[in-house]
file target_7.cif (mmCIF, C-alpha atoms)
data_run
#
loop_
_atom_site.group_PDB
_atom_site.id
_atom_site.type_symbol
_atom_site.label_atom_id
_atom_site.label_comp_id
_atom_site.auth_asym_id
_atom_site.auth_seq_id
_atom_site.Cartn_x
_atom_site.Cartn_y
_atom_site.Cartn_z
ATOM 1 C CA MET A 8 0.000 0.000 0.000
ATOM 2 C CA ALA A 9 1.298 3.495 -0.878
ATOM 3 C CA GLN A 10 1.973 5.820 2.022
ATOM 4 C CA THR A 11 -0.146 8.988 2.051
ATOM 5 C CA ASN A 12 2.801 11.187 3.012
ATOM 6 C CA GLN A 13 4.662 9.941 -0.087
ATOM 7 C CA ILE A 14 1.899 10.905 -2.507
ATOM 8 C CA ASN A 15 2.822 13.876 -4.668
ATOM 9 C CA LEU A 16 1.055 16.022 -7.228
ATOM 10 C CA ASN A 17 2.588 14.303 -10.257
ATOM 11 C CA GLU A 18 1.459 10.908 -9.011
ATOM 12 C CA ILE A 19 -2.127 12.127 -8.604
ATOM 13 C CA LYS A 20 -2.107 13.612 -12.116
ATOM 14 C CA LYS A 21 -0.714 10.360 -13.491
ATOM 15 C CA ILE A 22 -3.455 8.154 -12.015
ATOM 16 C CA TYR A 23 -6.058 10.816 -12.919
ATOM 17 C CA LYS A 24 -5.033 10.606 -16.589
ATOM 18 C CA SER A 25 -4.566 6.835 -16.765
ATOM 19 C CA ASN A 26 -8.109 6.337 -15.360
ATOM 20 C CA TYR A 27 -9.499 9.424 -17.037
ATOM 21 C CA SER A 28 -12.971 8.372 -18.191
ATOM 22 C CA LYS A 29 -13.709 6.745 -14.816
ATOM 23 C CA VAL A 30 -12.584 9.787 -12.822
ATOM 24 C CA LEU A 31 -14.216 12.159 -15.317
ATOM 25 C CA HIS A 32 -17.620 10.549 -14.863
ATOM 26 C CA GLU A 33 -17.496 10.912 -11.074
ATOM 27 C CA PHE A 34 -15.965 14.390 -11.274
ATOM 28 C CA ILE A 35 -18.526 15.766 -13.735
ATOM 29 C CA SER A 36 -21.375 14.208 -11.743
ATOM 30 C CA VAL A 37 -20.157 16.016 -8.611
ATOM 31 C CA GLN A 38 -19.661 19.277 -10.539
ATOM 32 C CA SER A 39 -23.097 19.023 -12.110
ATOM 33 C CA ASP A 40 -24.777 18.560 -8.737
ATOM 34 C CA PHE A 41 -22.716 21.370 -7.199
ATOM 35 C CA LEU A 42 -23.542 23.851 -9.971
ATOM 36 C CA SER A 43 -27.196 22.791 -10.164
ATOM 37 C CA ASP A 44 -27.537 23.274 -6.406
ATOM 38 C CA VAL A 45 -26.064 26.792 -6.384
ATOM 39 C CA TYR A 46 -27.914 27.695 -9.600
ATOM 40 C CA LYS A 47 -31.279 26.847 -8.043
ATOM 41 C CA ARG A 48 -30.313 28.350 -4.697
ATOM 42 C CA TYR A 49 -29.325 31.761 -6.029
ATOM 43 C CA ASP A 50 -32.248 32.686 -8.264
ATOM 44 C CA LYS A 51 -31.132 30.600 -11.251
ATOM 45 C CA ASP A 52 -28.080 32.793 -11.722
ATOM 46 C CA LEU A 53 -24.656 31.121 -11.756
ATOM 47 C CA ASP A 54 -22.858 34.472 -11.873
ATOM 48 C CA ALA A 55 -24.571 35.521 -8.643
ATOM 49 C CA ALA A 56 -23.821 32.099 -7.131
ATOM 50 C CA ASN A 57 -20.172 32.525 -8.089
ATOM 51 C CA ILE A 58 -20.065 35.811 -6.166
ATOM 52 C CA VAL A 59 -21.562 34.146 -3.074
ATOM 53 C CA LEU A 60 -18.915 31.407 -3.324
ATOM 54 C CA TYR A 61 -16.270 34.139 -3.341
ATOM 55 C CA PHE A 62 -17.644 35.646 -0.111
ATOM 56 C CA ALA A 63 -18.017 32.202 1.496
ATOM 57 C CA LYS A 64 -14.417 31.286 0.620
ATOM 58 C CA ASN A 65 -13.130 34.442 2.277
ATOM 59 C CA LEU A 66 -15.275 33.810 5.346
ATOM 60 C CA HIS A 67 -13.669 30.375 5.757
ATOM 61 C CA LYS A 68 -10.248 31.962 5.305
ATOM 62 C CA SER A 69 -11.014 34.438 8.106
ATOM 63 C CA THR A 70 -12.326 31.595 10.290
ATOM 64 C CA LEU A 71 -9.062 29.700 9.835
ATOM 65 C CA ARG A 72 -7.160 32.735 11.125
ATOM 66 C CA GLU A 73 -8.759 32.128 14.518
ATOM 67 C CA ARG A 74 -6.341 29.230 14.895
ATOM 68 C CA ASP A 75 -3.510 31.772 14.910
ATOM 69 C CA LYS A 76 -4.722 32.591 18.425
ATOM 70 C CA ASP A 77 -6.239 29.255 19.449
ATOM 71 C CA LEU A 78 -5.112 25.929 17.977
ATOM 72 C CA ASP A 79 -8.211 24.247 19.432
ATOM 73 C CA PHE A 80 -10.622 26.659 17.742
ATOM 74 C CA ASN A 81 -13.615 24.643 16.496
ATOM 75 C CA ILE A 82 -13.841 24.907 12.683
ATOM 76 C CA SER A 83 -16.339 22.054 12.253
ATOM 77 C CA PHE A 84 -19.399 21.951 10.026
ATOM 78 C CA GLU A 85 -21.564 21.722 13.138
ATOM 79 C CA ASN A 86 -20.051 24.953 14.439
ATOM 80 C CA PHE A 87 -20.096 26.796 11.117
ATOM 81 C CA TRP A 88 -22.932 29.278 11.690
ATOM 82 C CA ASP A 89 -21.680 30.043 15.195
ATOM 83 C CA ASN A 90 -18.288 30.856 13.681
ATOM 84 C CA HIS A 91 -20.036 32.887 11.010
ATOM 85 C CA GLN A 92 -21.465 35.153 13.706
ATOM 86 C CA LYS A 93 -18.120 35.513 15.491
ATOM 87 C CA THR A 94 -15.831 35.939 12.490
ATOM 88 C CA THR A 95 -15.135 39.390 11.124
ATOM 89 C CA GLN A 96 -15.346 39.269 7.348
ATOM 90 C CA ASP A 97 -12.842 41.301 5.362
ATOM 91 C CA LYS A 98 -13.967 44.251 3.286
ATOM 92 C CA ARG A 99 -14.280 43.387 -0.388
ATOM 93 C CA LYS A 100 -14.349 45.810 -3.320
ATOM 94 C CA ILE A 101 -16.302 45.286 -6.541
ATOM 95 C CA ILE A 102 -13.049 45.221 -8.524
ATOM 96 C CA GLU A 103 -11.764 42.363 -6.319
ATOM 97 C CA ILE A 104 -14.990 40.411 -6.845
ATOM 98 C CA ALA A 105 -14.767 40.956 -10.614
ATOM 99 C CA GLN A 106 -11.132 39.815 -10.726
ATOM 100 C CA SER A 107 -11.793 36.657 -8.695
ATOM 101 C CA THR A 108 -14.897 35.590 -10.649
ATOM 102 C CA GLY A 109 -13.869 36.724 -14.127
ATOM 103 C CA LEU A 110 -16.996 38.885 -14.414
ATOM 104 C CA PRO A 111 -16.889 42.382 -15.939
ATOM 105 C CA LYS A 112 -16.827 45.025 -13.199
ATOM 106 C CA GLU A 113 -20.280 46.439 -14.003
ATOM 107 C CA THR A 114 -21.806 42.953 -14.184
ATOM 108 C CA ALA A 115 -20.304 42.130 -10.793
ATOM 109 C CA ARG A 116 -21.732 45.387 -9.368
ATOM 110 C CA ARG A 117 -25.207 44.611 -10.738
ATOM 111 C CA LYS A 118 -25.149 41.042 -9.397
ATOM 112 C CA VAL A 119 -23.964 42.217 -5.971
ATOM 113 C CA ASN A 120 -26.835 44.737 -5.854
ATOM 114 C CA ASN A 121 -29.310 41.926 -6.645
ATOM 115 C CA LEU A 122 -27.822 39.773 -3.879
ATOM 116 C CA LEU A 123 -28.142 42.709 -1.469
ATOM 117 C CA LYS A 124 -31.759 43.160 -2.547
ATOM 118 C CA ASN A 125 -32.449 39.464 -1.899
ATOM 119 C CA LYS A 126 -30.673 39.748 1.487
ATOM 120 C CA VAL A 127 -28.090 37.094 0.658
ATOM 121 C CA LEU A 128 -25.416 39.756 1.107
ATOM 122 C CA GLN A 129 -25.611 42.547 3.659
ATOM 123 C CA LYS A 130 -24.162 46.050 3.568
ATOM 124 C CA GLU A 131 -23.133 48.436 6.324
ATOM 125 C CA LYS A 132 -21.857 51.739 4.947
ATOM 126 C CA ASN A 133 -19.379 50.546 2.267
ATOM 127 C CA PHE A 134 -18.831 47.142 3.874
ATOM 128 C CA ILE A 135 -20.449 44.229 2.024
ATOM 129 C CA TYR A 136 -20.517 40.809 3.666
ATOM 130 C CA TRP A 137 -22.236 37.424 3.386
ATOM 131 C CA SER A 138 -24.987 36.882 5.943
ATOM 132 C CA PRO A 139 -28.025 35.003 4.584
ATOM 133 C CA PRO A 140 -31.338 34.959 6.498
ATOM 134 C CA ASN A 141 -32.104 32.021 8.834
ATOM 135 C CA GLU A 142 -34.373 30.164 6.399
ATOM 136 C CA GLN A 143 -31.547 30.104 3.825
ATOM 137 C CA ARG A 144 -29.097 28.778 6.417
ATOM 138 C CA LYS A 145 -31.172 25.640 6.949
ATOM 139 C CA THR A 146 -31.256 24.831 3.232
ATOM 140 C CA TYR A 147 -27.543 25.708 2.983
ATOM 141 C CA ASN A 148 -26.727 23.019 5.547
ATOM 142 C CA LYS A 149 -28.642 20.365 3.601
ATOM 143 C CA VAL A 150 -26.986 21.324 0.307
ATOM 144 C CA VAL A 151 -23.464 21.394 1.775
ATOM 145 C CA GLU A 152 -23.957 18.108 3.619
ATOM 146 C CA ARG A 153 -24.875 16.467 0.320
ATOM 147 C CA GLN A 154 -21.863 18.038 -1.363
ATOM 148 C CA ILE A 155 -19.551 16.787 1.390
ATOM 149 C CA ASN A 156 -20.880 13.280 0.825
ATOM 150 C CA GLN A 157 -20.252 13.512 -2.933
ATOM 151 C CA ILE A 158 -16.760 14.980 -2.543
ATOM 152 C CA SER A 159 -15.914 12.226 -0.060
ATOM 153 C CA LYS A 160 -16.929 9.643 -2.661
ATOM 154 C CA LEU A 161 -14.760 11.318 -5.312
ATOM 155 C CA VAL A 162 -11.716 11.640 -3.031
ATOM 156 C CA GLN A 163 -12.155 8.036 -1.952
ATOM 157 C CA MET A 164 -12.050 6.981 -5.624
ATOM 158 C CA ILE A 165 -8.763 8.873 -6.053
ATOM 159 C CA SER A 166 -7.380 7.249 -2.895
ATOM 160 C CA VAL A 167 -8.265 3.742 -4.164
ATOM 161 C CA LEU A 168 -6.493 4.444 -7.470
ATOM 162 C CA LEU A 169 -3.472 5.526 -5.425
ATOM 163 C CA ASN A 170 -3.679 2.260 -3.481
ATOM 164 C CA LEU A 171 -4.567 4.054 -0.243
ATOM 165 C CA LYS A 172 -7.007 2.510 2.195
ATOM 166 C CA ILE A 173 -9.150 5.448 3.267
ATOM 167 C CA SER A 174 -12.873 4.863 3.670
ATOM 168 C CA LYS A 175 -15.515 7.258 2.408
ATOM 169 C CA ASP A 176 -16.906 7.532 5.970
ATOM 170 C CA LYS A 177 -13.472 8.533 7.259
ATOM 171 C CA ILE A 178 -13.178 11.274 4.637
ATOM 172 C CA ASN A 179 -16.716 12.492 5.323
ATOM 173 C CA THR A 180 -16.088 12.636 9.079
ATOM 174 C CA GLU A 181 -12.784 14.507 8.689
ATOM 175 C CA VAL A 182 -14.224 17.046 6.248
ATOM 176 C CA LYS A 183 -17.021 17.843 8.702
ATOM 177 C CA LYS A 184 -14.644 17.988 11.659
ATOM 178 C CA HIS A 185 -12.264 20.413 9.915
ATOM 179 C CA PHE A 186 -14.913 21.955 7.701
ATOM 180 C CA SER A 187 -13.540 25.487 7.227
ATOM 181 C CA PHE A 188 -10.128 24.136 6.245
ATOM 182 C CA PHE A 189 -11.459 21.766 3.599
ATOM 183 C CA TRP A 190 -14.211 24.085 2.402
ATOM 184 C CA TYR A 191 -11.853 27.027 1.970
ATOM 185 C CA HIS A 192 -9.694 24.928 -0.358
ATOM 186 C CA TYR A 193 -12.706 23.431 -2.127
ATOM 187 C CA LEU A 194 -14.325 26.802 -2.816
ATOM 188 C CA ASN A 195 -10.977 28.273 -3.838
ATOM 189 C CA THR A 196 -10.634 25.496 -6.432
ATOM 190 C CA GLN A 197 -14.225 25.937 -7.625
ATOM 191 C CA LEU A 198 -13.685 29.675 -8.085
ATOM 192 C CA LYS A 199 -10.619 29.024 -10.258
ATOM 193 C CA TYR A 200 -12.593 26.454 -12.254
ATOM 194 C CA LEU A 201 -15.571 28.760 -12.807
ATOM 195 C CA LYS A 202 -13.322 31.707 -13.687
ATOM 196 C CA MET A 203 -11.630 29.536 -16.319
ATOM 197 C CA TRP A 204 -15.011 28.729 -17.905
ATOM 198 C CA GLN A 205 -16.185 32.333 -17.564
ATOM 199 C CA LYS A 206 -13.194 33.450 -19.629
ATOM 200 C CA GLU A 207 -13.681 30.625 -22.140
ATOM 201 C CA LEU A 208 -17.464 30.817 -22.678
ATOM 202 C CA ASN A 209 -18.675 33.966 -20.939
ATOM 203 C CA ASP A 210 -21.725 31.885 -19.997
ATOM 204 C CA LEU A 211 -21.613 29.429 -17.094
ATOM 205 C CA GLU A 212 -24.986 27.920 -17.995
ATOM 206 C CA LEU A 213 -23.365 26.480 -21.126
ATOM 207 C CA ILE A 214 -20.931 24.377 -19.131
ATOM 208 C CA LEU A 215 -23.658 23.197 -16.730
ATOM 209 C CA ILE A 216 -25.741 22.055 -19.708
ATOM 210 C CA ALA A 217 -22.778 20.470 -21.544
ATOM 211 C CA MET A 218 -21.943 18.460 -18.414
ATOM 212 C CA GLN A 219 -25.147 16.444 -18.829
ATOM 213 C CA CYS A 220 -23.939 15.172 -22.216
ATOM 214 C CA VAL A 221 -20.514 14.312 -20.749
ATOM 215 C CA ILE A 222 -22.165 12.323 -17.944
ATOM 216 C CA GLN A 223 -24.248 10.305 -20.414
ATOM 217 C CA THR A 224 -21.199 9.468 -22.532
ATOM 218 C CA THR A 225 -18.873 8.478 -19.683
ATOM 219 C CA GLU A 226 -21.646 6.428 -18.074
ATOM 220 C CA SER A 227 -22.231 4.499 -21.294
ATOM 221 C CA LEU A 228 -18.606 3.513 -21.989
ATOM 222 C CA LYS A 229 -18.197 -0.275 -21.898
ATOM 223 C CA ASP A 230 -14.809 -0.229 -20.176
ATOM 224 C CA LYS A 231 -14.323 2.933 -18.146
ATOM 225 C CA ASN A 232 -10.844 1.883 -17.031
ATOM 226 C CA ALA A 233 -9.620 1.397 -20.605
ATOM 227 C CA SER A 234 -10.095 5.013 -21.659
ATOM 228 C CA SER A 235 -6.986 6.934 -20.701
ATOM 229 C CA TYR A 236 -6.784 10.708 -21.001
ATOM 230 C CA ASP A 237 -4.884 10.664 -24.323
ATOM 231 C CA TYR A 238 -7.260 8.109 -25.819
ATOM 232 C CA PHE A 239 -10.362 9.974 -24.645
ATOM 233 C CA ILE A 240 -9.247 13.488 -25.613
ATOM 234 C CA SER A 241 -8.036 12.402 -29.068
ATOM 235 C CA GLY A 242 -11.594 11.599 -30.142
ATOM 236 C CA ASN A 243 -10.711 7.982 -30.941
ATOM 237 C CA ILE A 244 -13.618 6.514 -28.966
ATOM 238 C CA GLN A 245 -15.836 4.871 -31.550
ATOM 239 C CA SER A 246 -19.429 3.693 -31.260
ATOM 240 C CA LYS A 247 -18.284 0.128 -30.493
ATOM 241 C CA LYS A 248 -16.957 1.400 -27.157
ATOM 242 C CA ILE A 249 -20.396 2.738 -26.231
ATOM 243 C CA GLN A 250 -22.648 0.367 -24.308
ATOM 244 C CA ARG A 251 -25.928 2.223 -24.772
ATOM 245 C CA ASP A 252 -27.375 5.392 -26.266
ATOM 246 C CA PRO A 253 -25.396 8.264 -24.695
ATOM 247 C CA SER A 254 -27.846 10.969 -25.755
ATOM 248 C CA ILE A 255 -30.059 13.156 -23.600
ATOM 249 C CA SER A 256 -33.080 15.343 -24.314
ATOM 250 C CA ALA A 257 -33.416 19.039 -23.569
ATOM 251 C CA THR A 258 -36.304 18.151 -21.234
ATOM 252 C CA SER A 259 -34.065 15.855 -19.157
ATOM 253 C CA VAL A 260 -31.301 18.462 -19.052
ATOM 254 C CA SER A 261 -33.836 20.987 -17.774
ATOM 255 C CA GLU A 262 -35.148 18.620 -15.085
ATOM 256 C CA ILE A 263 -31.638 17.829 -13.819
ATOM 257 C CA THR A 264 -30.186 21.339 -13.850
ATOM 258 C CA GLY A 265 -33.206 23.543 -13.214
ATOM 259 C CA VAL A 266 -32.434 25.568 -16.348
ATOM 260 C CA PRO A 267 -35.699 26.339 -18.241
ATOM 261 C CA ARG A 268 -36.310 23.945 -21.157
ATOM 262 C CA ALA A 269 -36.406 26.717 -23.785
ATOM 263 C CA THR A 270 -33.031 27.976 -22.537
ATOM 264 C CA CYS A 271 -31.650 24.426 -22.630
ATOM 265 C CA ILE A 272 -32.717 24.006 -26.262
ATOM 266 C CA ARG A 273 -31.173 27.323 -27.263
ATOM 267 C CA LYS A 274 -27.886 26.621 -25.478
ATOM 268 C CA LEU A 275 -27.657 23.003 -26.625
ATOM 269 C CA ASP A 276 -28.027 24.280 -30.184
ATOM 270 C CA LYS A 277 -25.219 26.759 -29.502
ATOM 271 C CA LEU A 278 -23.030 23.925 -28.187
ATOM 272 C CA HIS A 279 -23.929 21.983 -31.356
ATOM 273 C CA LYS A 280 -22.667 24.870 -33.530
ATOM 274 C CA MET A 281 -19.493 24.934 -31.427
ATOM 275 C CA LYS A 282 -19.043 21.168 -32.170
ATOM 276 C CA VAL A 283 -19.140 20.365 -28.462
ATOM 277 C CA VAL A 284 -22.319 18.267 -28.759
ATOM 278 C CA LYS A 285 -24.087 16.584 -31.669
ATOM 279 C CA LYS A 286 -27.817 16.778 -32.320
ATOM 280 C CA ASP A 287 -29.941 14.000 -33.761
ATOM 281 C CA ASN A 288 -32.404 15.837 -35.992
ATOM 282 C CA ASN A 289 -34.917 12.972 -35.797
ATOM 283 C CA SER A 290 -35.022 12.371 -32.046
ATOM 284 C CA LYS A 291 -34.007 15.958 -31.100
ATOM 285 C CA ARG A 292 -31.590 14.466 -28.567
ATOM 286 C CA TYR A 293 -28.004 15.510 -27.939
ATOM 287 C CA HIS A 294 -24.757 13.724 -27.135
ATOM 288 C CA LEU A 295 -21.111 14.640 -26.684
ATOM 289 C CA ASP A 296 -19.325 15.142 -30.013
ATOM 290 C CA LEU A 297 -16.448 12.711 -29.387
ATOM 291 C CA LYS A 298 -15.049 13.020 -32.904
ATOM 292 C CA ASN A 299 -14.442 16.769 -32.552
ATOM 293 C CA LEU A 300 -13.192 16.821 -28.947
ATOM 294 C CA GLY A 301 -9.779 18.035 -30.090
ATOM 295 C CA SER A 302 -10.998 20.505 -32.721
ATOM 296 C CA ASN A 303 -14.181 22.124 -31.373
ATOM 297 C CA ALA A 304 -14.630 25.802 -30.487
ATOM 298 C CA ILE A 305 -13.382 25.095 -26.964
ATOM 299 C CA ASN A 306 -9.704 24.349 -26.476
ATOM 300 C CA THR A 307 -10.585 21.004 -24.890
ATOM 301 C CA ARG A 308 -7.044 19.793 -24.245
ATOM 302 C CA ARG A 309 -5.925 23.020 -22.519
ATOM 303 C CA ILE A 310 -9.154 23.279 -20.506
ATOM 304 C CA THR A 311 -8.863 19.638 -19.453
ATOM 305 C CA GLU A 312 -5.191 19.977 -18.498
ATOM 306 C CA ASP A 313 -5.984 23.056 -16.392
ATOM 307 C CA THR A 314 -8.891 21.245 -14.708
ATOM 308 C CA ILE A 315 -6.704 18.247 -13.878
ATOM 309 C CA ASP A 316 -4.052 20.588 -12.425
ATOM 310 C CA MET A 317 -6.568 22.493 -10.267
ATOM 311 C CA PHE A 318 -8.351 19.513 -8.788
ATOM 312 C CA SER A 319 -5.241 17.354 -8.405
ATOM 313 C CA GLU A 320 -3.897 20.074 -6.104
ATOM 314 C CA PHE A 321 -7.138 19.923 -4.127
ATOM 315 C CA TYR A 322 -6.990 16.105 -3.850
ATOM 316 C CA LEU A 323 -3.386 16.349 -2.652
ATOM 317 C CA ILE A 324 -4.341 18.856 0.071
ATOM 318 C CA VAL A 325 -7.179 16.593 1.237
ATOM 319 C CA LEU A 326 -5.104 13.407 1.218
ATOM 320 C CA LYS A 327 -2.246 15.048 3.099
ATOM 321 C CA ALA A 328 -4.688 16.398 5.678
ATOM 322 C CA LEU A 329 -6.224 12.934 6.078
ATOM 323 C CA SER A 330 -2.790 11.455 6.785
ATOM 324 C CA ARG A 331 -2.378 13.581 9.932
#
call {"tool": "encode", "arguments": {"input": "target_7.cif", "output": "structure tokens"}}
result
Amino acid sequence: MAQTNQINLNEIKKIYKSNYSKVLHEFISVQSDFLSDVYKRYDKDLDAANIVLYFAKNLHKSTLRERDKDLDFNISFENFWDNHQKTTQDKRKIIEIAQSTGLPKETARRKVNNLLKNKVLQKEKNFIYWSPPNEQRKTYNKVVERQINQISKLVQMISVLLNLKISKDKINTEVKKHFSFFWYHYLNTQLKYLKMWQKELNDLELILIAMQCVIQTTESLKDKNASSYDYFISGNIQSKKIQRDPSISATSVSEITGVPRATCIRKLDKLHKMKVVKKDNNSKRYHLDLKNLGSNAINTRRITEDTIDMFSEFYLIVLKALSR
């Protein structure tokens, strides 16, 4: 069995790529649920959700500073809202929010004003901070608890591929016990990921919708372990490697994501023009355009490499923390 303290970033990237389609399916499933949850939670607006994630990340960072004074300071999930009340949140300027999310400055200002109007963010003089009303805190706990469970499953998959014996329950328990530590790093990674897509597409709904086609394809591969990163990204996967129909309808995409059906149709058609997905004109269903993965309007290889880099760093932080 490999020793956790000997695991390094290159090793994680290596197993990530050699088991790419398997990891991709679990990863995209987690990302889809995460983005769908925040999309529905924040008025069906992923840009607004991204801004809330930015404030939440910085709250966790401030909470972690409490350990500068007290090593036993409780940063658990159970204690989160108590810490929220006690922790002084740093002042944040619109330009800082725009830079961290990849949004234009005026868009960021407009979204912040909407969040203030909906009382997700609060403002005292020029100080804007995250302090949702009590009814939102209850739903927040349920959403985050589900996300912790999903992340634990994903990290456990990575640990198995690394030949580490760490149970999903162990990961789940540790994440909750040291919640602000893990959640700061998780949100920091998500913000980088969303900023990357914001720069690439200027429309986060597009990636949420495209994810549903990726999930169908990776789920339908006959041998998930056989599809390495290079094989998958090259577009060499032929129909004989597909176990069942990997397509999905706009109606199903809408039901899963919460994005209105008409919007799903319009954006799936846009993804079709970008050669990201293919459309069956008879069934009106969509599937991932495997043949054009390396030549579509998105720089798939660069985006994928950057994603692997970002999340491999997160997995390394989690695995090192678990080895304490």
call {"tool": "closest_residue", "arguments": {"input": "target_7.cif", "among": "A:Asn86, A:Asn125, A:Ser330, A:Thr225", "to": "Lys172 in chain A", "atoms": "all atoms listed in the file"}}
result
A:Ser330
call {"tool": "resolve_selection", "arguments": {"input": "target_7.cif", "expression": "the PyMOL selection byres ((chain A and resi 315-326) around 7)", "output": "list of chain:residue names"}}
result
A:Thr11, A:Asn15, A:Leu16, A:Ile19, A:Lys20, A:Val162, A:His192, A:Tyr193, A:Thr196, A:Thr311, A:Glu312, A:Asp313, A:Thr314, A:Lys327, A:Ala328, A:Leu329, A:Ser330
call {"tool": "write_last_selection", "arguments": {"input": "target_7.cif", "atoms": "C-alpha atoms", "output": "PDB file, keeping the file's coordinate frame"}}
result
ATOM      1  CA  THR A  11      -0.146   8.988   2.051  1.00  0.00           C
ATOM      2  CA  ASN A  15       2.822  13.876  -4.668  1.00  0.00           C
ATOM      3  CA  LEU A  16       1.055  16.022  -7.228  1.00  0.00           C
ATOM      4  CA  ILE A  19      -2.127  12.127  -8.604  1.00  0.00           C
ATOM      5  CA  LYS A  20      -2.107  13.612 -12.116  1.00  0.00           C
ATOM      6  CA  VAL A 162     -11.716  11.640  -3.031  1.00  0.00           C
ATOM      7  CA  HIS A 192      -9.694  24.928  -0.358  1.00  0.00           C
ATOM      8  CA  TYR A 193     -12.706  23.431  -2.127  1.00  0.00           C
ATOM      9  CA  THR A 196     -10.634  25.496  -6.432  1.00  0.00           C
ATOM     10  CA  THR A 311      -8.863  19.638 -19.453  1.00  0.00           C
ATOM     11  CA  GLU A 312      -5.191  19.977 -18.498  1.00  0.00           C
ATOM     12  CA  ASP A 313      -5.984  23.056 -16.392  1.00  0.00           C
ATOM     13  CA  THR A 314      -8.891  21.245 -14.708  1.00  0.00           C
ATOM     14  CA  LYS A 327      -2.246  15.048   3.099  1.00  0.00           C
ATOM     15  CA  ALA A 328      -4.688  16.398   5.678  1.00  0.00           C
ATOM     16  CA  LEU A 329      -6.224  12.934   6.078  1.00  0.00           C
ATOM     17  CA  SER A 330      -2.790  11.455   6.785  1.00  0.00           C
TER      18      SER A 330
END
call {"tool": "closest_atom_pairs", "arguments": {"input": "target_7.cif", "of": "range 100-202 of chain A", "to": "range 33-49 of chain A", "cutoff": "10 Å", "atoms": "all atoms listed in the file", "output": "CSV"}}
result
residue,atom,partner,partner_atom,distance
A:Leu122,CA,A:Tyr49,CA,8.4
A:Asn125,CA,A:Tyr49,CA,9.3
A:Val127,CA,A:Tyr49,CA,8.6
A:Gln143,CA,A:Arg48,CA,8.8
A:Thr146,CA,A:Arg48,CA,8.7
A:Tyr147,CA,A:Arg48,CA,8.6
A:Val150,CA,A:Asp44,CA,7.0
A:Val151,CA,A:Phe41,CA,9.0
A:Arg153,CA,A:Phe41,CA,9.2
A:Gln154,CA,A:Phe41,CA,6.8
A:Asn156,CA,A:Val37,CA,9.9
A:Gln157,CA,A:Val37,CA,6.2
A:Ile158,CA,A:Val37,CA,7.0
A:Lys160,CA,A:Glu33,CA,8.5
A:Leu161,CA,A:Glu33,CA,6.4
A:Val162,CA,A:Phe34,CA,9.7
A:Met164,CA,A:Glu33,CA,8.6
A:Gln197,CA,A:Gln38,CA,9.1
A:Leu201,CA,A:Leu42,CA,9.8
call {"tool": "write_last_selection", "arguments": {"input": "target_7.cif", "atoms": "C-alpha atoms", "output": "PDB file, keeping the file's coordinate frame"}}
result
ATOM      1  CA  LEU A 122     -27.822  39.773  -3.879  1.00  0.00           C
ATOM      2  CA  ASN A 125     -32.449  39.464  -1.899  1.00  0.00           C
ATOM      3  CA  VAL A 127     -28.090  37.094   0.658  1.00  0.00           C
ATOM      4  CA  GLN A 143     -31.547  30.104   3.825  1.00  0.00           C
ATOM      5  CA  THR A 146     -31.256  24.831   3.232  1.00  0.00           C
ATOM      6  CA  TYR A 147     -27.543  25.708   2.983  1.00  0.00           C
ATOM      7  CA  VAL A 150     -26.986  21.324   0.307  1.00  0.00           C
ATOM      8  CA  VAL A 151     -23.464  21.394   1.775  1.00  0.00           C
ATOM      9  CA  ARG A 153     -24.875  16.467   0.320  1.00  0.00           C
ATOM     10  CA  GLN A 154     -21.863  18.038  -1.363  1.00  0.00           C
ATOM     11  CA  ASN A 156     -20.880  13.280   0.825  1.00  0.00           C
ATOM     12  CA  GLN A 157     -20.252  13.512  -2.933  1.00  0.00           C
ATOM     13  CA  ILE A 158     -16.760  14.980  -2.543  1.00  0.00           C
ATOM     14  CA  LYS A 160     -16.929   9.643  -2.661  1.00  0.00           C
ATOM     15  CA  LEU A 161     -14.760  11.318  -5.312  1.00  0.00           C
ATOM     16  CA  VAL A 162     -11.716  11.640  -3.031  1.00  0.00           C
ATOM     17  CA  MET A 164     -12.050   6.981  -5.624  1.00  0.00           C
ATOM     18  CA  GLN A 197     -14.225  25.937  -7.625  1.00  0.00           C
ATOM     19  CA  LEU A 201     -15.571  28.760 -12.807  1.00  0.00           C
TER      20      LEU A 201
END
call {"tool": "closest_residue", "arguments": {"input": "target_7.cif", "among": "A:Arg72, A:Lys93, A:Arg292, A:Lys183", "to": "Gln219 in chain A", "atoms": "all atoms listed in the file"}}
result
A:Arg292
call {"tool": "atom_distance", "arguments": {"input": "target_7.cif", "atom1": "CA of Val266 in chain A", "atom2": "CA of Arg308 in chain A"}}
result
27.2 Å
